[in-house]
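Colleague: target.tsv is reproduced in full below (TSV, C-alpha atoms and all ligand atoms).
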chain	number	residue	atom	x	y	z
I	279	MET	CA	-19.00	-13.73	-14.77
I	280	SER	CA	-19.28	-12.21	-11.31
I	281	ALA	CA	-17.47	-8.92	-10.82
I	282	ALA	CA	-14.91	-10.35	-8.37
I	283	GLN	CA	-14.56	-13.77	-10.03
I	284	GLY	CA	-11.31	-15.49	-9.04
I	285	PHE	CA	-10.94	-13.44	-5.84
I	286	GLU	CA	-11.16	-15.12	-2.47
I	287	PHE	CA	-9.90	-14.38	1.03
I	288	THR	CA	-9.33	-17.17	3.54
I	289	LEU	CA	-8.63	-16.38	7.18
I	290	LEU	CA	-6.24	-19.19	8.10
I	291	HIS	CA	-5.50	-18.38	11.72
I	292	THR	CA	-5.86	-15.64	14.33
I	293	ASP	CA	-3.09	-15.29	16.90
I	294	ALA	CA	-4.09	-16.61	20.33
I	295	HIS	CA	-2.90	-13.50	22.20
I	296	SER	CA	-3.58	-10.60	19.80
I	297	ALA	CA	-5.79	-9.66	16.86
I	298	ALA	CA	-2.98	-10.53	14.39
I	299	ARG	CA	-4.24	-12.61	11.47
I	300	ARG	CA	-2.72	-15.05	9.02
I	301	GLY	CA	-4.63	-15.17	5.76
I	302	ARG	CA	-4.50	-15.99	2.07
I	303	ILE	CA	-5.88	-14.03	-0.87
I	304	GLN	CA	-6.56	-15.82	-4.12
I	305	THR	CA	-6.59	-13.72	-7.30
I	306	ALA	CA	-6.70	-14.53	-11.00
I	307	HIS	CA	-2.95	-13.76	-11.11
I	308	GLY	CA	-1.88	-15.81	-8.12
I	309	THR	CA	-1.98	-16.21	-4.37
I	310	ILE	CA	-1.01	-13.64	-1.73
I	311	GLU	CA	-0.01	-14.75	1.75
I	312	THR	CA	-1.02	-12.20	4.41
I	313	PRO	CA	0.03	-10.13	6.26
I	314	VAL	CA	1.65	-8.75	3.11
I	315	PHE	CA	3.68	-5.71	2.12
I	316	MET	CA	2.95	-4.42	-1.39
I	317	PRO	CA	5.72	-2.44	-3.15
I	318	VAL	CA	4.47	0.71	-4.86
I	319	GLY	CA	4.81	0.98	-8.63
I	320	THR	CA	3.17	4.37	-9.05
I	321	GLN	CA	3.93	4.78	-12.75
I	322	GLY	CA	3.72	1.09	-13.61
I	323	THR	CA	7.21	0.36	-12.26
I	324	VAL	CA	8.64	-0.08	-8.77
I	325	LYS	CA	11.36	2.52	-9.16
I	326	SER	CA	14.63	1.10	-10.54
I	327	LEU	CA	13.69	-2.60	-10.07
I	328	SER	CA	12.77	-5.18	-12.70
I	329	PRO	CA	9.87	-7.63	-12.29
I	330	ASP	CA	12.42	-10.47	-11.87
I	331	GLU	CA	14.16	-8.58	-9.09
I	332	LEU	CA	10.83	-7.92	-7.39
I	333	ARG	CA	9.99	-11.61	-7.54
I	334	ASP	CA	13.41	-12.50	-6.09
I	335	THR	CA	12.86	-10.17	-3.12
I	336	GLY	CA	9.61	-11.99	-2.32
I	337	SER	CA	7.12	-9.48	-3.77
I	338	GLN	CA	3.70	-11.10	-4.13
I	339	ILE	CA	1.64	-8.14	-5.38
I	340	ILE	CA	2.51	-4.64	-6.54
I	341	LEU	CA	0.58	-1.38	-6.64
I	342	GLY	CA	-0.22	0.85	-9.55
I	343	ASN	CA	-1.75	4.28	-9.30
I	344	THR	CA	-4.83	5.28	-11.25
I	345	TYR	CA	-4.22	9.03	-11.04
I	346	HIS	CA	-0.73	8.73	-12.52
I	347	LEU	CA	-1.54	6.03	-15.09
I	348	TYR	CA	-4.63	7.92	-16.27
I	349	LEU	CA	-2.63	11.12	-16.84
I	350	ARG	CA	0.28	9.22	-18.39
I	351	PRO	CA	0.33	7.02	-20.50
I	352	GLY	CA	-3.50	7.07	-20.41
I	353	THR	CA	-5.99	4.23	-20.08
I	354	ALA	CA	-6.57	3.97	-23.85
I	355	LEU	CA	-2.93	3.00	-24.34
I	356	LEU	CA	-3.12	0.53	-21.46
I	357	GLN	CA	-6.17	-1.04	-23.07
I	358	GLN	CA	-4.27	-1.30	-26.35
I	359	ALA	CA	-1.45	-3.04	-24.44
I	360	GLY	CA	-3.90	-5.56	-22.96
I	361	GLY	CA	-3.80	-4.09	-19.44
I	362	LEU	CA	-1.10	-3.18	-16.96
I	363	HIS	CA	-0.01	-6.80	-16.26
I	364	ARG	CA	1.07	-7.20	-19.87
I	365	PHE	CA	2.27	-3.62	-20.40
I	366	ALA	CA	4.61	-3.82	-17.38
I	367	ASN	CA	5.30	-7.55	-17.77
I	368	TRP	CA	4.29	-8.25	-14.17
I	369	PRO	CA	2.38	-11.55	-14.21
I	370	GLY	CA	1.45	-11.49	-10.50
I	371	PRO	CA	-1.41	-9.73	-8.73
I	372	ILE	CA	-1.75	-5.93	-8.99
I	373	LEU	CA	-3.74	-3.48	-6.88
I	374	THR	CA	-4.61	0.01	-8.10
I	375	ASP	CA	-5.29	2.96	-5.86
I	376	SER	CA	-8.33	4.96	-7.00
I	377	GLY	CA	-6.51	8.26	-7.30
I	378	GLY	CA	-8.53	9.85	-4.50
I	379	TYR	CA	-5.48	10.49	-2.35
I	380	GLN	CA	-3.46	11.94	-5.27
I	381	VAL	CA	-6.29	14.21	-6.43
I	382	PHE	CA	-6.44	15.68	-2.94
I	383	SER	CA	-2.71	15.82	-2.25
I	384	LEU	CA	-0.86	16.27	-5.57
I	385	SER	CA	-3.04	18.13	-8.01
I	386	GLY	CA	-3.33	21.89	-8.17
I	387	LEU	CA	-6.71	23.60	-8.07
I	388	ARG	CA	-9.49	21.14	-7.28
I	389	LYS	CA	-13.17	21.48	-6.66
I	390	ILE	CA	-15.58	18.89	-5.33
I	391	HIS	CA	-18.87	18.92	-7.20
I	392	GLU	CA	-21.99	16.77	-7.16
I	393	ASP	CA	-20.54	14.22	-9.58
I	394	GLY	CA	-16.95	14.06	-8.38
I	395	VAL	CA	-13.87	16.26	-8.41
I	396	ARG	CA	-12.47	18.68	-11.00
I	397	PHE	CA	-8.71	19.07	-10.70
I	398	GLN	CA	-5.65	20.30	-12.53
I	399	SER	CA	-2.96	17.87	-13.63
I	400	HIS	CA	0.33	18.23	-11.73
I	401	ILE	CA	2.09	17.51	-15.06
I	402	ASP	CA	0.69	20.17	-17.43
I	403	GLY	CA	-2.04	22.04	-15.56
I	404	SER	CA	-4.82	20.61	-17.77
I	405	TYR	CA	-8.30	20.15	-16.24
I	406	HIS	CA	-9.79	16.72	-15.51
I	407	ASP	CA	-12.86	15.32	-13.79
I	408	PHE	CA	-12.77	12.20	-11.64
I	409	THR	CA	-16.11	10.66	-10.77
I	410	PRO	CA	-16.83	7.34	-9.06
I	411	GLU	CA	-18.02	6.00	-12.42
I	412	ASN	CA	-15.08	7.06	-14.58
I	413	VAL	CA	-12.52	6.02	-11.93
I	414	MET	CA	-14.09	2.52	-11.96
I	415	ASP	CA	-13.82	2.53	-15.73
I	416	MET	CA	-10.16	3.59	-15.59
I	417	GLN	CA	-9.37	0.79	-13.14
I	418	ARG	CA	-11.27	-1.66	-15.32
I	419	LEU	CA	-9.00	-0.76	-18.25
I	420	ILE	CA	-5.83	-0.79	-16.15
I	421	GLY	CA	-6.94	-4.28	-15.17
I	422	ALA	CA	-5.72	-4.68	-11.57
I	423	ASP	CA	-6.89	-7.67	-9.53
I	424	ILE	CA	-7.86	-5.42	-6.63
I	425	ILE	CA	-9.36	-1.97	-7.29
I	426	MET	CA	-10.20	0.78	-4.85
I	427	ALA	CA	-13.32	2.90	-4.42
I	428	PHE	CA	-12.95	6.61	-5.19
I	429	ASP	CA	-13.04	8.49	-1.90
I	430	GLU	CA	-12.47	11.92	-0.49
I	431	CYS	CA	-9.32	11.94	1.61
I	432	PRO	CA	-9.49	14.86	4.06
I	433	PRO	CA	-6.21	16.23	5.49
I	434	HIS	CA	-5.36	15.09	9.03
I	435	THR	CA	-5.91	18.66	10.22
I	436	ALA	CA	-9.55	18.67	8.95
I	437	THR	CA	-12.15	19.70	11.52
I	438	GLU	CA	-14.84	17.37	12.83
I	439	PRO	CA	-17.69	19.04	10.85
I	440	TYR	CA	-15.57	18.86	7.68
I	441	VAL	CA	-14.79	15.16	8.18
I	442	ALA	CA	-18.46	14.42	8.94
I	443	ARG	CA	-19.47	15.99	5.59
I	444	SER	CA	-16.59	14.21	3.89
I	445	ASN	CA	-17.78	10.83	5.25
I	446	GLU	CA	-21.10	11.45	3.55
I	447	ILE	CA	-19.36	12.10	0.22
I	448	THR	CA	-17.19	8.98	0.61
I	449	ARG	CA	-20.31	6.93	1.45
I	450	LYS	CA	-22.22	8.15	-1.61
I	451	TRP	CA	-19.23	7.68	-3.89
I	452	ALA	CA	-18.63	4.14	-2.58
I	453	HIS	CA	-22.24	3.25	-3.49
I	454	ARG	CA	-21.76	4.68	-6.97
I	455	CYS	CA	-18.43	2.85	-7.36
I	456	ARG	CA	-20.13	-0.41	-6.45
I	457	GLU	CA	-22.91	0.18	-8.97
I	458	ALA	CA	-20.41	1.04	-11.71
I	459	TRP	CA	-18.22	-1.96	-10.82
I	460	LEU	CA	-21.18	-4.35	-11.06
I	461	ALA	CA	-22.59	-2.77	-14.22
I	462	LYS	CA	-19.81	-3.72	-16.64
I	463	GLU	CA	-17.96	-6.92	-17.46
I	464	PRO	CA	-14.25	-6.84	-16.56
I	465	ALA	CA	-12.10	-5.86	-19.55
I	466	TYR	CA	-9.71	-8.81	-19.67
I	467	GLY	CA	-11.69	-11.91	-18.76
I	468	TYR	CA	-10.90	-12.09	-15.03
I	469	GLY	CA	-12.66	-10.53	-12.06
I	470	GLN	CA	-11.55	-7.46	-10.13
I	471	ALA	CA	-12.26	-7.15	-6.41
I	472	LEU	CA	-13.51	-3.74	-5.27
I	473	PHE	CA	-12.35	-2.56	-1.83
I	474	GLY	CA	-14.10	0.26	0.05
I	475	ILE	CA	-12.03	2.85	1.91
I	476	VAL	CA	-12.92	3.76	5.50
I	477	GLN	CA	-12.28	7.45	6.24
I	478	GLY	CA	-13.24	9.50	9.30
I	479	GLY	CA	-10.08	11.46	10.04
I	480	VAL	CA	-8.85	11.35	13.63
I	481	PHE	CA	-12.35	11.09	15.12
I	482	PRO	CA	-13.23	7.63	16.51
I	483	HIS	CA	-17.01	8.06	16.11
I	484	LEU	CA	-16.57	9.17	12.48
I	485	ARG	CA	-14.25	6.21	11.80
I	486	ARG	CA	-16.96	3.92	13.23
I	487	GLU	CA	-19.63	5.63	11.16
I	488	SER	CA	-17.60	5.30	7.96
I	489	ALA	CA	-16.79	1.62	8.64
I	490	HIS	CA	-20.45	0.76	9.25
I	491	GLN	CA	-21.52	2.63	6.11
I	492	LEU	CA	-19.08	0.66	3.96
I	493	ILE	CA	-19.77	-2.74	5.51
I	494	GLU	CA	-23.37	-2.36	4.32
I	495	LEU	CA	-22.07	-2.57	0.75
I	496	ASP	CA	-20.69	-6.09	1.38
I	497	LEU	CA	-17.54	-5.49	-0.69
I	498	PRO	CA	-14.77	-8.10	-1.17
I	499	GLY	CA	-12.37	-6.11	1.08
I	500	TYR	CA	-11.91	-2.93	3.07
I	501	ALA	CA	-9.14	-0.40	3.38
I	502	ILE	CA	-8.39	2.14	6.07
I	503	GLY	CA	-7.48	5.42	4.40
I	504	GLY	CA	-6.46	8.87	5.54
I	505	LEU	CA	-3.84	7.69	8.04
I	506	SER	CA	-0.06	8.06	7.99
I	507	VAL	CA	-0.64	11.57	6.62
I	508	GLY	CA	1.08	13.49	9.41
I	509	GLU	CA	-0.86	12.49	12.53
I	510	PRO	CA	1.08	11.11	15.55
I	511	ALA	CA	1.61	7.32	15.51
I	512	PRO	CA	-0.57	6.68	18.62
I	513	VAL	CA	-3.48	8.35	16.82
I	514	MET	CA	-2.85	6.15	13.76
I	515	TYR	CA	-2.96	3.03	15.95
I	516	GLU	CA	-6.06	4.19	17.82
I	517	MET	CA	-7.98	4.84	14.58
I	518	THR	CA	-6.76	1.56	13.08
I	519	GLY	CA	-7.91	-0.38	16.14
I	520	VAL	CA	-11.32	1.31	16.11
I	521	VAL	CA	-11.83	0.25	12.49
I	522	THR	CA	-10.40	-3.29	12.65
I	523	GLY	CA	-12.66	-3.86	15.66
I	524	ILE	CA	-15.66	-3.31	13.37
I	525	LEU	CA	-14.64	-4.73	9.97
I	526	PRO	CA	-15.87	-8.25	9.19
I	527	ALA	CA	-13.31	-10.96	10.02
I	528	ASP	CA	-13.81	-12.78	6.72
I	529	LYS	CA	-12.68	-9.85	4.51
I	530	PRO	CA	-9.11	-8.60	4.00
I	531	ARG	CA	-8.11	-5.30	5.62
I	532	TYR	CA	-5.65	-2.94	3.99
I	533	LEU	CA	-4.00	-0.02	5.82
I	534	MET	CA	-3.14	2.41	3.04
I	535	GLY	CA	0.22	4.18	2.84
I	536	VAL	CA	1.70	2.48	5.93
I	537	GLY	CA	4.46	2.43	6.64
I	538	LYS	CA	7.59	2.06	8.66
I	539	PRO	CA	8.40	-1.40	10.05
I	540	GLU	CA	7.19	-0.45	13.57
I	541	ASN	CA	3.92	0.92	12.14
I	542	MET	CA	3.28	-2.32	10.28
I	543	VAL	CA	4.11	-4.46	13.32
I	544	GLU	CA	1.63	-2.47	15.45
I	545	ALA	CA	-1.05	-2.59	12.75
I	546	VAL	CA	-0.64	-6.36	12.25
I	547	ALA	CA	-1.19	-6.71	16.00
I	548	LEU	CA	-4.47	-4.82	15.49
I	549	GLY	CA	-5.61	-7.19	12.71
I	550	VAL	CA	-4.45	-5.51	9.49
I	551	ASP	CA	-3.56	-7.80	6.55
I	552	MET	CA	-2.16	-5.56	3.80
I	553	PHE	CA	0.21	-2.60	3.56
I	554	ASP	CA	1.80	-0.40	0.92
I	555	CYS	CA	4.34	2.37	1.25
I	556	VAL	CA	6.95	4.16	-0.85
I	557	ILE	CA	9.54	4.41	1.93
I	558	PRO	CA	11.60	1.29	1.08
I	559	THR	CA	12.31	2.73	-2.37
I	560	ARG	CA	12.06	6.49	-1.70
I	561	ASN	CA	14.26	6.36	1.41
I	562	GLY	CA	16.44	3.73	-0.25
I	563	ARG	CA	17.34	6.15	-3.01
I	564	ARG	CA	18.59	8.51	-0.30
I	565	GLY	CA	20.80	5.80	1.18
I	566	GLN	CA	18.55	4.87	4.09
I	567	ALA	CA	18.50	1.12	4.71
I	568	PHE	CA	16.17	-0.85	7.01
I	569	THR	CA	17.67	-3.61	9.15
I	570	TRP	CA	16.62	-5.77	12.12
I	571	GLN	CA	18.65	-3.31	14.24
I	572	GLY	CA	16.77	-0.28	12.89
I	573	THR	CA	17.49	2.15	10.06
I	574	ILE	CA	20.98	3.18	8.99
I	575	ASN	CA	22.08	5.82	6.54
I	576	LEU	CA	24.71	4.32	4.29
I	577	ARG	CA	26.04	7.78	3.40
I	578	ASN	CA	27.32	8.05	6.95
I	579	ALA	CA	31.13	8.26	7.27
I	580	ARG	CA	31.19	5.41	9.78
I	581	PHE	CA	30.46	2.97	6.93
I	582	ARG	CA	33.51	4.09	4.90
I	583	ASP	CA	35.45	0.90	5.70
I	584	ASP	CA	32.62	-1.30	6.93
I	585	PHE	CA	32.91	-4.43	4.78
I	586	SER	CA	29.88	-6.18	6.29
I	587	PRO	CA	26.59	-6.41	4.38
I	588	ILE	CA	23.70	-3.99	4.98
I	589	ASP	CA	22.06	-6.63	7.18
I	590	ALA	CA	23.94	-9.77	8.22
I	591	ASP	CA	20.70	-11.79	8.33
I	592	CYS	CA	19.39	-10.71	4.93
I	593	PRO	CA	19.72	-13.13	1.99
I	594	CYS	CA	18.97	-10.49	-0.69
I	595	TYR	CA	21.20	-9.92	-3.71
I	596	ALA	CA	22.61	-6.68	-2.26
I	597	CYS	CA	23.51	-8.26	1.09
I	598	ALA	CA	24.81	-11.50	-0.45
I	599	ASN	CA	27.23	-9.69	-2.76
I	600	PHE	CA	28.14	-6.18	-1.60
I	601	SER	CA	29.45	-4.40	1.49
I	602	ARG	CA	28.22	-1.27	3.24
I	603	ALA	CA	31.56	0.32	2.29
I	604	TYR	CA	31.04	-0.40	-1.41
I	605	ILE	CA	27.45	0.87	-1.41
I	606	ARG	CA	28.53	3.99	0.51
I	607	HIS	CA	31.22	4.58	-2.11
I	608	LEU	CA	28.60	4.28	-4.89
I	609	LEU	CA	26.29	6.71	-3.05
I	610	GLN	CA	29.13	9.20	-2.60
I	611	ALA	CA	29.96	8.89	-6.30
I	612	GLY	CA	26.31	9.35	-7.33
I	613	GLU	CA	26.23	5.94	-9.01
I	614	LEU	CA	22.76	4.62	-9.96
I	615	PHE	CA	23.63	1.08	-8.90
I	616	ALA	CA	23.60	2.20	-5.25
I	617	LEU	CA	19.97	3.32	-5.49
I	618	ARG	CA	19.02	-0.03	-6.96
I	619	LEU	CA	20.89	-2.03	-4.33
I	620	VAL	CA	19.42	-0.16	-1.36
I	621	SER	CA	15.88	-0.19	-2.83
I	622	LEU	CA	16.19	-3.91	-3.51
I	623	HIS	CA	17.43	-4.63	0.01
I	624	ASN	CA	14.73	-2.50	1.64
I	625	ILE	CA	11.93	-4.22	-0.26
I	626	ALA	CA	13.45	-7.63	0.53
I	627	PHE	CA	13.68	-6.62	4.20
I	628	PHE	CA	10.03	-5.51	4.34
I	629	HIS	CA	9.02	-8.89	2.91
I	630	GLN	CA	11.21	-10.72	5.44
I	631	LEU	CA	9.53	-8.74	8.20
I	632	MET	CA	6.09	-9.82	6.97
I	633	GLN	CA	7.28	-13.41	6.54
I	634	ALA	CA	8.54	-13.44	10.15
I	635	MET	CA	5.19	-12.09	11.35
I	636	ARG	CA	3.27	-14.68	9.31
I	637	GLU	CA	5.26	-17.49	10.92
I	638	ALA	CA	4.88	-16.04	14.43
I	639	ILE	CA	1.09	-15.74	14.00
I	640	GLU	CA	0.82	-19.31	12.72
I	641	GLN	CA	2.61	-20.50	15.87
I	642	ASP	CA	0.64	-18.27	18.28
I	643	ARG	CA	3.82	-16.51	19.37
I	644	PHE	CA	3.26	-13.10	17.78
I	645	ALA	CA	3.33	-11.21	21.11
I	646	GLN	CA	6.74	-12.68	21.99
I	647	TRP	CA	7.98	-12.10	18.45
I	648	LYS	CA	6.94	-8.44	18.74
I	649	ARG	CA	8.86	-8.02	22.01
I	650	ASP	CA	11.94	-9.60	20.39
I	651	PHE	CA	11.56	-7.32	17.36
I	652	TYR	CA	11.67	-4.20	19.55
I	653	ALA	CA	14.54	-5.62	21.61
I	654	GLY	CA	16.46	-6.11	18.36
I	655	LEU	CA	15.94	-2.48	17.35
I	656	GLU	CA	17.49	-1.35	20.63
I	657	GLN	CA	20.71	-3.25	19.93
I	658	LYS	CA	21.78	-0.72	17.31
C	1	ZN	ZN	19.51	-7.31	2.00
Translate the structure of the given file into structure tokens.
Modeller:
Amino acid sequence: MSAAQGFEFTLLHTDAHSAARRGRIQTAHGTIETPVFMPVGTQGTVKSLSPDELRDTGSQIILGNTYHLYLRPGTALLQQAGGLHRFANWPGPILTDSGGYQVFSLSGLRKIHEDGVRFQSHIDGSYHDFTPENVMDMQRLIGADIIMAFDECPPHTATEPYVARSNEITRKWAHRCREAWLAKEPAYGYGQALFGIVQGGVFPHLRRESAHQLIELDLPGYAIGGLSVGEPAPVMYEMTGVVTGILPADKPRYLMGVGKPENMVEAVALGVDMFDCVIPTRNGRRGQAFTWQGTINLRNARFRDDFSPIDADCPCYACANFSRAYIRHLLQAGELFALRLVSLHNIAFFHQLMQAMREAIEQDRFAQWKRDFYAGLEQK
């Protein structure tokens, strides 16, 4: 069996007036229509939502996180369970992040060495080593359909010489990930597609260098990492455009950790196919809801007697059945149901946004759709 057996990307259409793309990813666990938003299930669950609810919102693929799942419950237990699909009862496609970003952002003391990184767990302070080889093995046992190369993710404030050295580490590690990925049979009888991660900080020539280095590996897909980490949005778009201008057209492109609706709209215009972000659920738990007129905070007093739904155009369970006033009341009372309703709506809204973009691209009217989208936000 080939390492990525069952995985295939088809570029269906490119918008006539922008770089926006309409595509389709085939995996062993089902089809993904792109551009796609992928809800984040860090610990093997998209916070507060059941797999059925995720399906009903239009979720096609969810994320798991290797760093978190390795520390708890551990890959041995996941293997015993038959992989994350079975353990979490999510029958659709799954993507796992390699843990690179978490090792560099969450863990305590960490030290890069020849083989990989030694770090301290954020849970109990215990020491662990991540190497390209063992991270591939962890992702093999977790069993996601799409797995990510282990990379170094420099902070957005990193200097040019630092990022240049970091690119070299990411390049070497990507080679080793590819070797390790090809060396073993997948654990559960279906292929796993390895994506490389383009780094390069906020330096266009280092982004180009990193992209070219990874393309040489001829991987099934490519991600753009190290963005949406505090840099201004125009810088994020500039770096994204530099990289999408280089990446091969026949491979999917994934902008990691992005983002807000406007960020995704801009990145789709630049030719990005896949996104993930915690904000629909994280902000949702704080009462922030996304709508076609922009974001609203349902804790706000002005919603006290507002008996309209969160978004009048949204068919989700929360909008079909409950008012802003009711959800505000639940938030004020600290009721858990409010967190679920707003998270559910936000994820449904992000999927509706992607669905609208997919249709606009198919009909070569993405540029007009984008103007209408921004005009809608101004109506708030
Ligand atoms: Zn809704």
Colleague: Name the residues within 8 Å of (1.5, -8.9, 16.8), counting only C-alpha atoms in the file's coordinates, and put them as a list in words.
Modeller: Asp293, Ser296, Ala297, Ala298, Val543, Glu544, Ala545, Val546, Ala547, Leu548, Met635, Ile639, Phe644, Ala645, Trp647 and Lys648 of chain I
Colleague: Give the residue list for ligand ZN 1 (chain C) at 6 Å, counting only C-alpha atoms and all ligand atoms, as number ranges by chain, sorted by chain and then by residue number.
Modeller: I: 589, 592-594, 596-597, 623
Colleague: Which residue, I:Asp407, I:Asp423, I:Glu438, I:Asp551, has the smallest gap to I:Val314 when you use all atoms listed in the file?
Modeller: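 Smallest separation from I:Val314 among the options: I:Asp551.
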Colleague: Mind pulling up the distance from atom CA of I:Arg364 to atom CA of I:Ala282?
Modeller: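 Going from atom CA of I:Ala282 over to atom CA of I:Arg364 covers 19.9 Å.
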Colleague: Between atom CA of I:Val513 and atom CA of I:Val536, what distance in Å does the model show, to one decimal?
Modeller: 13.4 Å
Colleague: Kindly provide the residues of stretch 392-453 of chain I that approach stretch 482-499 of chain I to within 7 Å, each paired with its closest atom pair and their distance in Å to one decimal, based on only C-alpha atoms, listed by chain and increasing number, as a tab-separated table.
Modeller:
residue	atom	partner	partner_atom	distance
I:Ala442	CA	I:Leu484	CA	6.6
I:Asn445	CA	I:Ser488	CA	6.2
I:Arg449	CA	I:Gln491	CA	6.5
Colleague: Just how far from atom CA of I:Leu384 is atom CA of I:Arg564, in Å to one decimal?
Modeller: 21.6 Å
Colleague: Given the choices I:Gln321, I:Asn578, I:Thr374, I:Thr518, which gets closest to I:Ile605 if the distance is worked out from all atoms listed in the file?
Modeller: I:Asn578
Colleague: Every residue with an atom at most 12 Å from (-20.5, -1.4, -5.0) (file coordinates; all atoms listed in the file) is what I'm after, so could you write them as a ChimeraX atom specification?
Modeller: /I:281-282,410-411,414,425-428,449-462,470-475,491-500
Colleague: List the spatial neighbours of I:Phe651 as a PyMOL selection string - criterion: any atom at most 10 Å away, all atoms listed in the file, same-chain residues fewer than 5 positions off excluded.
Modeller: chain I and resi 539-540+543+570-572+631+634-635+645-646+656
Colleague: Give me, as a PDB file with C-alpha atoms, in the coordinates of the input, all polymer residues having an atom no more than 12 Å from I:Val324, counting all atoms listed in the file and skipping those fewer than 5 positions away in the same chain.
Modeller:
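Printed below is result-v2.pdb as written:
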ATOM      1  CA  MET I 316       2.950  -4.420  -1.390  1.00  0.00           C
ATOM      2  CA  PRO I 317       5.720  -2.440  -3.150  1.00  0.00           C
ATOM      3  CA  VAL I 318       4.470   0.710  -4.860  1.00  0.00           C
ATOM      4  CA  GLY I 319       4.810   0.980  -8.630  1.00  0.00           C
ATOM      5  CA  PRO I 329       9.870  -7.630 -12.290  1.00  0.00           C
ATOM      6  CA  ASP I 330      12.420 -10.470 -11.870  1.00  0.00           C
ATOM      7  CA  GLU I 331      14.160  -8.580  -9.090  1.00  0.00           C
ATOM      8  CA  LEU I 332      10.830  -7.920  -7.390  1.00  0.00           C
ATOM      9  CA  ARG I 333       9.990 -11.610  -7.540  1.00  0.00           C
ATOM     10  CA  SER I 337       7.120  -9.480  -3.770  1.00  0.00           C
ATOM     11  CA  ILE I 339       1.640  -8.140  -5.380  1.00  0.00           C
ATOM     12  CA  ILE I 340       2.510  -4.640  -6.540  1.00  0.00           C
ATOM     13  CA  LEU I 341       0.580  -1.380  -6.640  1.00  0.00           C
ATOM     14  CA  GLY I 342      -0.220   0.850  -9.550  1.00  0.00           C
ATOM     15  CA  ASN I 343      -1.750   4.280  -9.300  1.00  0.00           C
ATOM     16  CA  ALA I 366       4.610  -3.820 -17.380  1.00  0.00           C
ATOM     17  CA  TRP I 368       4.290  -8.250 -14.170  1.00  0.00           C
ATOM     18  CA  ILE I 372      -1.750  -5.930  -8.990  1.00  0.00           C
ATOM     19  CA  ASP I 554       1.800  -0.400   0.920  1.00  0.00           C
ATOM     20  CA  CYS I 555       4.340   2.370   1.250  1.00  0.00           C
ATOM     21  CA  VAL I 556       6.950   4.160  -0.850  1.00  0.00           C
ATOM     22  CA  ILE I 557       9.540   4.410   1.930  1.00  0.00           C
ATOM     23  CA  PRO I 558      11.600   1.290   1.080  1.00  0.00           C
ATOM     24  CA  THR I 559      12.310   2.730  -2.370  1.00  0.00           C
ATOM     25  CA  ARG I 560      12.060   6.490  -1.700  1.00  0.00           C
ATOM     26  CA  ARG I 618      19.020  -0.030  -6.960  1.00  0.00           C
ATOM     27  CA  SER I 621      15.880  -0.190  -2.830  1.00  0.00           C
ATOM     28  CA  LEU I 622      16.190  -3.910  -3.510  1.00  0.00           C
ATOM     29  CA  ILE I 625      11.930  -4.220  -0.260  1.00  0.00           C
TER      30      ILE I 625
END
Colleague: For I:Gln358, which residue out of I:Gly421, I:Gly478, I:Gly284, I:Gly370 is the nearest one, using all atoms listed in the file?
Modeller: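 Selected residue with least distance to I:Gln358: I:Gly421.
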Colleague: Pick the closest to I:Gln283 from I:Asp642, I:Asp402, I:Glu463, I:Asp375: which is it, counting only C-alpha atoms?
Modeller: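 Answer, going by the shortest atom-to-atom distance: I:Glu463.
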Colleague: So which one's closest to I:Asn599, I:Ala611, I:Ser586, I:Thr569, I:Tyr652? Using only C-alpha atoms, please.
Modeller: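 Using only C-alpha atoms, I:Asn599 sits closest to I:Ser586.
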Colleague: Write out as a PDB file with C-alpha atoms, in the coordinates of the input each polymer residue whose atoms come within 9 Å of I:Gln477, counting all atoms listed in the file; drop sequence neighbours fewer than 6 positions from it.
Modeller:
ATOM      1  CA  ASP I 429     -13.040   8.490  -1.900  1.00  0.00           C
ATOM      2  CA  GLU I 430     -12.470  11.920  -0.490  1.00  0.00           C
ATOM      3  CA  CYS I 431      -9.320  11.940   1.610  1.00  0.00           C
ATOM      4  CA  PRO I 432      -9.490  14.860   4.060  1.00  0.00           C
ATOM      5  CA  VAL I 441     -14.790  15.160   8.180  1.00  0.00           C
ATOM      6  CA  SER I 444     -16.590  14.210   3.890  1.00  0.00           C
ATOM      7  CA  ASN I 445     -17.780  10.830   5.250  1.00  0.00           C
ATOM      8  CA  THR I 448     -17.190   8.980   0.610  1.00  0.00           C
ATOM      9  CA  LEU I 484     -16.570   9.170  12.480  1.00  0.00           C
ATOM     10  CA  ARG I 485     -14.250   6.210  11.800  1.00  0.00           C
ATOM     11  CA  SER I 488     -17.600   5.300   7.960  1.00  0.00           C
ATOM     12  CA  ALA I 489     -16.790   1.620   8.640  1.00  0.00           C
ATOM     13  CA  ALA I 501      -9.140  -0.400   3.380  1.00  0.00           C
ATOM     14  CA  ILE I 502      -8.390   2.140   6.070  1.00  0.00           C
ATOM     15  CA  GLY I 503      -7.480   5.420   4.400  1.00  0.00           C
ATOM     16  CA  GLY I 504      -6.460   8.870   5.540  1.00  0.00           C
ATOM     17  CA  LEU I 505      -3.840   7.690   8.040  1.00  0.00           C
TER      18      LEU I 505
END
Colleague: Can you list, as a PyMOL selection string, every protein, DNA or RNA residue that comes within 9 Å of I:Gly360 when you count all atoms listed in the file, leaving out same-chain residues fewer than 4 positions away?
Modeller: chain I and resi 355-356+364-365+419-421+465-466
Colleague: Taking all atoms of stretch 599-617 of chain I that the file lists, what box with edges along x, y and z, padded by 8 Å per side, do you get, with centre and edge lengths in Å to one decimal, as AutoDock Vina command-line options?
Modeller:
--center_x 25.8 --center_y -0.2 --center_z -3.4 --size_x 27.6 --size_y 35.0 --size_z 29.2
